[in-house]
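Colleague: First the structure, which I've put down as structure tokens, then a few questions once you've had a look.
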Amino acid sequence: MNRIYQLFRQAYARDHFATISGTATREEFWYFAFGQILIGWIAGFIVTVFSWLGVVSMFSYSDGMPFSLIFTGIIVLAYVIFLLISLIPGFCLTIRRYHDVGLSGYAFGGILLGIVVCLSLSFYEIYSSIDAEATYAPIMADSNFGFAIVFMLIAHVAFIVNLVILALPEVPADENPFAVKSHTEQ
């Protein structure tokens with residue numbers, strides 16, 4: 001457990017926070033991902049418990065906003081700030097992991113751009129096909145919904161390709177153009 005914590009903290013260290021040069025092992029990347037998931041579960045559990053307590057206390061007492069709902073808002077805000085801060089080391093660690101398998105960071109950029117474009121197009125297609133004049137439920141005005149499904153499927157395929165690349169074994173240092181060489185090897 002100490003190794004997991006050490007590698008998770010290393011991603012936020014000053015010398016690794018925004019570094020895209022060099023490589024990152026599978027262990028570094030997946031322990032960072034595990035730490036993110038674990039913190040998300042803990043924050044989600046705290047928010048769920050305090051939200052439930054806040055709703056119960058709202059029906060029990062009618063004198064203002066209960067403390068548990070305020071605390072829930074603070075936890076959600078802190079978690080969102082943590083996620084925004086985690087974007088930088090997450091992207092840099094992913095690029096270094098791509099380097100470790102012998103790919104350029106531009107490959108990750110292309111996959112990420114493809115996912116963002118496909119999801120944006122699918123949301124646009126869904127939003128543009130909703131009839132706003134419907135009285136009870138939104139009605140699909142035209143058949144753009146099929147395009148939205150296709151764009152979402154393409155985004156999912158790109159996401160799966162990204163996961164497969166991140167799970168690949170490392171390329172040996174002598175064959176990897178992105179491996180950082182020591183001064184004696186140059």
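Simple scheme: letters A, B, ... for chains in structure tokens order, numbers from 1 for residues in each chain, numbers from 1 for ligands in the order shown.
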Could you pull out the residues in chain A that DSSP calls strand (DSSP E) from the backbone, as a list in words?

Modeller: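 The strand (DSSP E) subset of chain A is Ile130, Asp131, Ile139 and Met140 of chain A.
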
Colleague: Generate a file of the selected residues that holds N, CA, C and O atoms, formatted as a JSON list (two decimals), in the first residue's frame.

Modeller:
[["chain", "number", "residue", "atom", "x", "y", "z"],
["A", 130, "ILE", "N", -34.04, 17.73, -30.89],
["A", 130, "ILE", "CA", -35.12, 17.78, -29.91],
["A", 130, "ILE", "C", -36.07, 18.92, -30.28],
["A", 130, "ILE", "O", -35.66, 20.04, -30.52],
["A", 131, "ASP", "N", -37.35, 18.60, -30.29],
["A", 131, "ASP", "CA", -38.38, 19.59, -30.57],
["A", 131, "ASP", "C", -38.71, 20.32, -29.27],
["A", 131, "ASP", "O", -39.28, 19.74, -28.34],
["A", 139, "ILE", "N", -39.65, 15.52, -28.16],
["A", 139, "ILE", "CA", -39.87, 14.64, -29.31],
["A", 139, "ILE", "C", -38.73, 14.86, -30.29],
["A", 139, "ILE", "O", -38.34, 15.99, -30.56],
["A", 140, "MET", "N", -38.20, 13.77, -30.80],
["A", 140, "MET", "CA", -37.13, 13.90, -31.78],
["A", 140, "MET", "C", -37.72, 14.41, -33.09],
["A", 140, "MET", "O", -38.59, 13.78, -33.68]]

Colleague: Identify, on the basis of only C-alpha atoms, every residue whose closest approach to Gly44 of chain A does not exceed 12 Å; exclude the query and any residue fewer than 2 positions from it along the same chain; express the result as a list of chain:residue names.

Modeller: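 After dropping sequence-adjacent residues, the list is A:Ile37, A:Leu38, A:Ile39, A:Gly40, A:Trp41, A:Ile42, A:Ile46, A:Val47, A:Thr48, A:Val49, A:Phe50, A:Ser51, A:Thr72, A:Gly73, A:Ile75, A:Val76, A:Ala78, A:Tyr79, A:Val80.
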
Colleague: Export, as a PDB file, in the first residue's frame, the selected residues with N, CA, C and O atoms.

Modeller:
ATOM      1  N   ILE A  37      -9.438   6.862  -8.724  1.00  0.00           N
ATOM      2  CA  ILE A  37     -10.706   6.146  -8.513  1.00  0.00           C
ATOM      3  C   ILE A  37     -11.013   6.034  -7.028  1.00  0.00           C
ATOM      4  O   ILE A  37     -12.160   6.249  -6.603  1.00  0.00           O
ATOM      5  N   LEU A  38     -10.021   5.725  -6.221  1.00  0.00           N
ATOM      6  CA  LEU A  38     -10.213   5.578  -4.782  1.00  0.00           C
ATOM      7  C   LEU A  38     -10.664   6.892  -4.152  1.00  0.00           C
ATOM      8  O   LEU A  38     -11.617   6.916  -3.352  1.00  0.00           O
ATOM      9  N   ILE A  39     -10.029   7.984  -4.512  1.00  0.00           N
ATOM     10  CA  ILE A  39     -10.436   9.294  -3.984  1.00  0.00           C
ATOM     11  C   ILE A  39     -11.843   9.635  -4.450  1.00  0.00           C
ATOM     12  O   ILE A  39     -12.652  10.190  -3.699  1.00  0.00           O
ATOM     13  N   GLY A  40     -12.190   9.287  -5.702  1.00  0.00           N
ATOM     14  CA  GLY A  40     -13.543   9.519  -6.195  1.00  0.00           C
ATOM     15  C   GLY A  40     -14.584   8.727  -5.419  1.00  0.00           C
ATOM     16  O   GLY A  40     -15.665   9.237  -5.101  1.00  0.00           O
ATOM     17  N   TRP A  41     -14.274   7.471  -5.105  1.00  0.00           N
ATOM     18  CA  TRP A  41     -15.209   6.656  -4.319  1.00  0.00           C
ATOM     19  C   TRP A  41     -15.394   7.224  -2.918  1.00  0.00           C
ATOM     20  O   TRP A  41     -16.516   7.290  -2.417  1.00  0.00           O
ATOM     21  N   ILE A  42     -14.299   7.616  -2.291  1.00  0.00           N
ATOM     22  CA  ILE A  42     -14.391   8.165  -0.936  1.00  0.00           C
ATOM     23  C   ILE A  42     -15.204   9.459  -0.943  1.00  0.00           C
ATOM     24  O   ILE A  42     -16.099   9.645  -0.111  1.00  0.00           O
ATOM     25  N   ILE A  46     -18.853  10.090   0.918  1.00  0.00           N
ATOM     26  CA  ILE A  46     -19.086  11.185   1.860  1.00  0.00           C
ATOM     27  C   ILE A  46     -20.231  12.064   1.386  1.00  0.00           C
ATOM     28  O   ILE A  46     -21.117  12.441   2.167  1.00  0.00           O
ATOM     29  N   VAL A  47     -20.240  12.400   0.106  1.00  0.00           N
ATOM     30  CA  VAL A  47     -21.314  13.240  -0.444  1.00  0.00           C
ATOM     31  C   VAL A  47     -22.659  12.536  -0.322  1.00  0.00           C
ATOM     32  O   VAL A  47     -23.668  13.150   0.056  1.00  0.00           O
ATOM     33  N   THR A  48     -22.708  11.239  -0.598  1.00  0.00           N
ATOM     34  CA  THR A  48     -23.968  10.500  -0.499  1.00  0.00           C
ATOM     35  C   THR A  48     -24.483  10.485   0.931  1.00  0.00           C
ATOM     36  O   THR A  48     -25.674  10.744   1.174  1.00  0.00           O
ATOM     37  N   VAL A  49     -23.625  10.188   1.883  1.00  0.00           N
ATOM     38  CA  VAL A  49     -24.053  10.122   3.285  1.00  0.00           C
ATOM     39  C   VAL A  49     -24.535  11.482   3.772  1.00  0.00           C
ATOM     40  O   VAL A  49     -25.621  11.596   4.355  1.00  0.00           O
ATOM     41  N   PHE A  50     -23.753  12.526   3.528  1.00  0.00           N
ATOM     42  CA  PHE A  50     -24.143  13.843   4.029  1.00  0.00           C
ATOM     43  C   PHE A  50     -25.333  14.422   3.265  1.00  0.00           C
ATOM     44  O   PHE A  50     -26.120  15.170   3.835  1.00  0.00           O
ATOM     45  N   SER A  51     -25.498  14.080   1.999  1.00  0.00           N
ATOM     46  CA  SER A  51     -26.697  14.504   1.266  1.00  0.00           C
ATOM     47  C   SER A  51     -27.931  13.839   1.851  1.00  0.00           C
ATOM     48  O   SER A  51     -28.974  14.487   2.051  1.00  0.00           O
ATOM     49  N   THR A  72     -21.713  18.997   2.241  1.00  0.00           N
ATOM     50  CA  THR A  72     -21.741  18.267   0.975  1.00  0.00           C
ATOM     51  C   THR A  72     -21.280  19.159  -0.172  1.00  0.00           C
ATOM     52  O   THR A  72     -20.484  18.744  -1.021  1.00  0.00           O
ATOM     53  N   GLY A  73     -21.752  20.394  -0.203  1.00  0.00           N
ATOM     54  CA  GLY A  73     -21.325  21.337  -1.233  1.00  0.00           C
ATOM     55  C   GLY A  73     -19.837  21.617  -1.177  1.00  0.00           C
ATOM     56  O   GLY A  73     -19.164  21.718  -2.205  1.00  0.00           O
ATOM     57  N   ILE A  75     -17.504  19.540   0.004  1.00  0.00           N
ATOM     58  CA  ILE A  75     -16.802  18.335  -0.452  1.00  0.00           C
ATOM     59  C   ILE A  75     -16.853  18.244  -1.978  1.00  0.00           C
ATOM     60  O   ILE A  75     -15.852  17.932  -2.627  1.00  0.00           O
ATOM     61  N   VAL A  76     -18.017  18.519  -2.565  1.00  0.00           N
ATOM     62  CA  VAL A  76     -18.141  18.468  -4.029  1.00  0.00           C
ATOM     63  C   VAL A  76     -17.224  19.505  -4.673  1.00  0.00           C
ATOM     64  O   VAL A  76     -16.519  19.208  -5.639  1.00  0.00           O
ATOM     65  N   ALA A  78     -14.464  20.817  -3.403  1.00  0.00           N
ATOM     66  CA  ALA A  78     -13.073  20.388  -3.217  1.00  0.00           C
ATOM     67  C   ALA A  78     -12.715  19.268  -4.188  1.00  0.00           C
ATOM     68  O   ALA A  78     -11.619  19.256  -4.752  1.00  0.00           O
ATOM     69  N   TYR A  79     -13.643  18.346  -4.424  1.00  0.00           N
ATOM     70  CA  TYR A  79     -13.367  17.252  -5.348  1.00  0.00           C
ATOM     71  C   TYR A  79     -13.255  17.754  -6.789  1.00  0.00           C
ATOM     72  O   TYR A  79     -12.394  17.296  -7.540  1.00  0.00           O
ATOM     73  N   VAL A  80     -14.087  18.699  -7.177  1.00  0.00           N
ATOM     74  CA  VAL A  80     -14.005  19.262  -8.530  1.00  0.00           C
ATOM     75  C   VAL A  80     -12.672  19.992  -8.714  1.00  0.00           C
ATOM     76  O   VAL A  80     -12.020  19.860  -9.758  1.00  0.00           O
TER      77      VAL A  80
END

Colleague: So that I can check the surroundings of Gly102 of chain A, please list as a count of residues only every protein, DNA and RNA residue that reaches within 7 Å of it, counting only C-alpha atoms and ignoring chain neighbours fewer than 4 positions away.

Modeller: 5

Colleague: Suppose you want the space between atom CA of Ile4 of chain A and atom CA of Glu27 of chain A; what is it in Å?

Modeller: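 Rounded to one decimal, the two atoms are 8.8 Å apart.
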
Colleague: So, with only C-alpha atoms as the atoms that count, which of A:Leu113, A:Leu163, A:Leu121, A:Ile88 lies closest to Gly146 of chain A?

Modeller: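 Using only C-alpha atoms, Gly146 of chain A sits closest to A:Leu121.
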
Colleague: Which neighbours of Ser122 of chain A fall inside 7 Å, counting only C-alpha atoms, when residues of the same chain fewer than 4 positions from it are skipped, and could you give them as JSON, numbers by chain?

Modeller: {"A": [118, 126, 147, 148, 149, 151, 152]}

Colleague: Keeping N, CA, C and O atoms for every residue in the selection just given, could you write it to a file as a CSV table (one decimal), in the first residue's frame?

Modeller:
chain,number,residue,atom,x,y,z
A,118,CYS,N,-16.0,13.6,-31.5
A,118,CYS,CA,-17.2,12.6,-31.6
A,118,CYS,C,-18.2,12.9,-30.6
A,118,CYS,O,-19.4,12.9,-30.9
A,126,ILE,N,-28.0,15.3,-31.0
A,126,ILE,CA,-29.1,15.1,-30.0
A,126,ILE,C,-29.8,16.4,-29.7
A,126,ILE,O,-31.0,16.5,-29.8
A,147,PHE,N,-27.0,9.4,-36.2
A,147,PHE,CA,-25.7,9.9,-36.3
A,147,PHE,C,-25.1,10.1,-34.9
A,147,PHE,O,-23.9,9.9,-34.7
A,148,ALA,N,-25.9,10.5,-34.0
A,148,ALA,CA,-25.4,10.7,-32.6
A,148,ALA,C,-24.9,9.3,-32.1
A,148,ALA,O,-23.8,9.3,-31.4
A,149,ILE,N,-25.6,8.3,-32.3
A,149,ILE,CA,-25.2,6.9,-31.9
A,149,ILE,C,-23.9,6.5,-32.5
A,149,ILE,O,-23.0,6.0,-31.9
A,151,PHE,N,-21.5,8.5,-33.7
A,151,PHE,CA,-20.4,9.3,-33.1
A,151,PHE,C,-20.1,8.8,-31.7
A,151,PHE,O,-18.9,8.7,-31.4
A,152,MET,N,-21.0,8.4,-30.9
A,152,MET,CA,-20.8,7.9,-29.6
A,152,MET,C,-20.0,6.5,-29.7
A,152,MET,O,-19.1,6.3,-28.9

Colleague: Would you please work out which residue, of A:Val116, A:Leu69, A:Ala24, A:Val101, is nearest to Pro89 of chain A when using only C-alpha atoms?

Modeller: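 Distance minimum relative to Pro89 of chain A lands on A:Ala24.
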
Colleague: Return the single residue from A:Gln6, A:Gly105, A:Arg26, A:Ile20 that is closest to Val164 of chain A, with distances computed using only C-alpha atoms.

Modeller: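 Using only C-alpha atoms, Val164 of chain A sits closest to A:Arg26.
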
Colleague: Separation of atom CA of Thr94 of chain A and atom CA of Ile74 of chain A, in Å?

Modeller: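 A separation of 29.5 Å between them.
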
Colleague: How many Å lie between atom CA of Leu103 of chain A and atom CA of Leu84 of chain A, rounded to one decimal?

Modeller: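 Atom-to-atom, atom CA of Leu103 of chain A to atom CA of Leu84 of chain A, that is 25.9 Å.
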
Colleague: Nearest residue to Leu87 of chain A out of A:Phe32, A:Ala43, A:Phe145, A:Val56, using only C-alpha atoms?

Modeller: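 Selected residue with least distance to Leu87 of chain A: A:Phe32.
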
Colleague: Between A:Asn2, A:Ser68, A:Ser120, A:Ser86, which one has atoms that come closest to Gln36 of chain A, using only C-alpha atoms?

Modeller: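 Going through A:Asn2, A:Ser68, A:Ser120, A:Ser86 one by one, the smallest distance to Gln36 of chain A is for A:Ser86.
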
Colleague: If you count only C-alpha atoms, which residues fall within 9 Å of segment 10-14 of chain A, apart from same-chain ones fewer than 2 positions away, as a VMD selection string?

Modeller: chain A and resid 5 to 8 16 to 18 28 to 29 32 86 89 to 90 92 to 93

Colleague: Which is closer to Phe108 of chain A than all the others in A:His156, A:Arg3, A:Arg96, A:Arg9, using only C-alpha atoms?

Modeller: A:Arg96

Colleague: Mind checking DSSP for chain A and telling me the helix (DSSP H, G or I) residues as a ChimeraX atom specification?

Modeller: /A:2-11,26-60,67-100,105-128,145-167
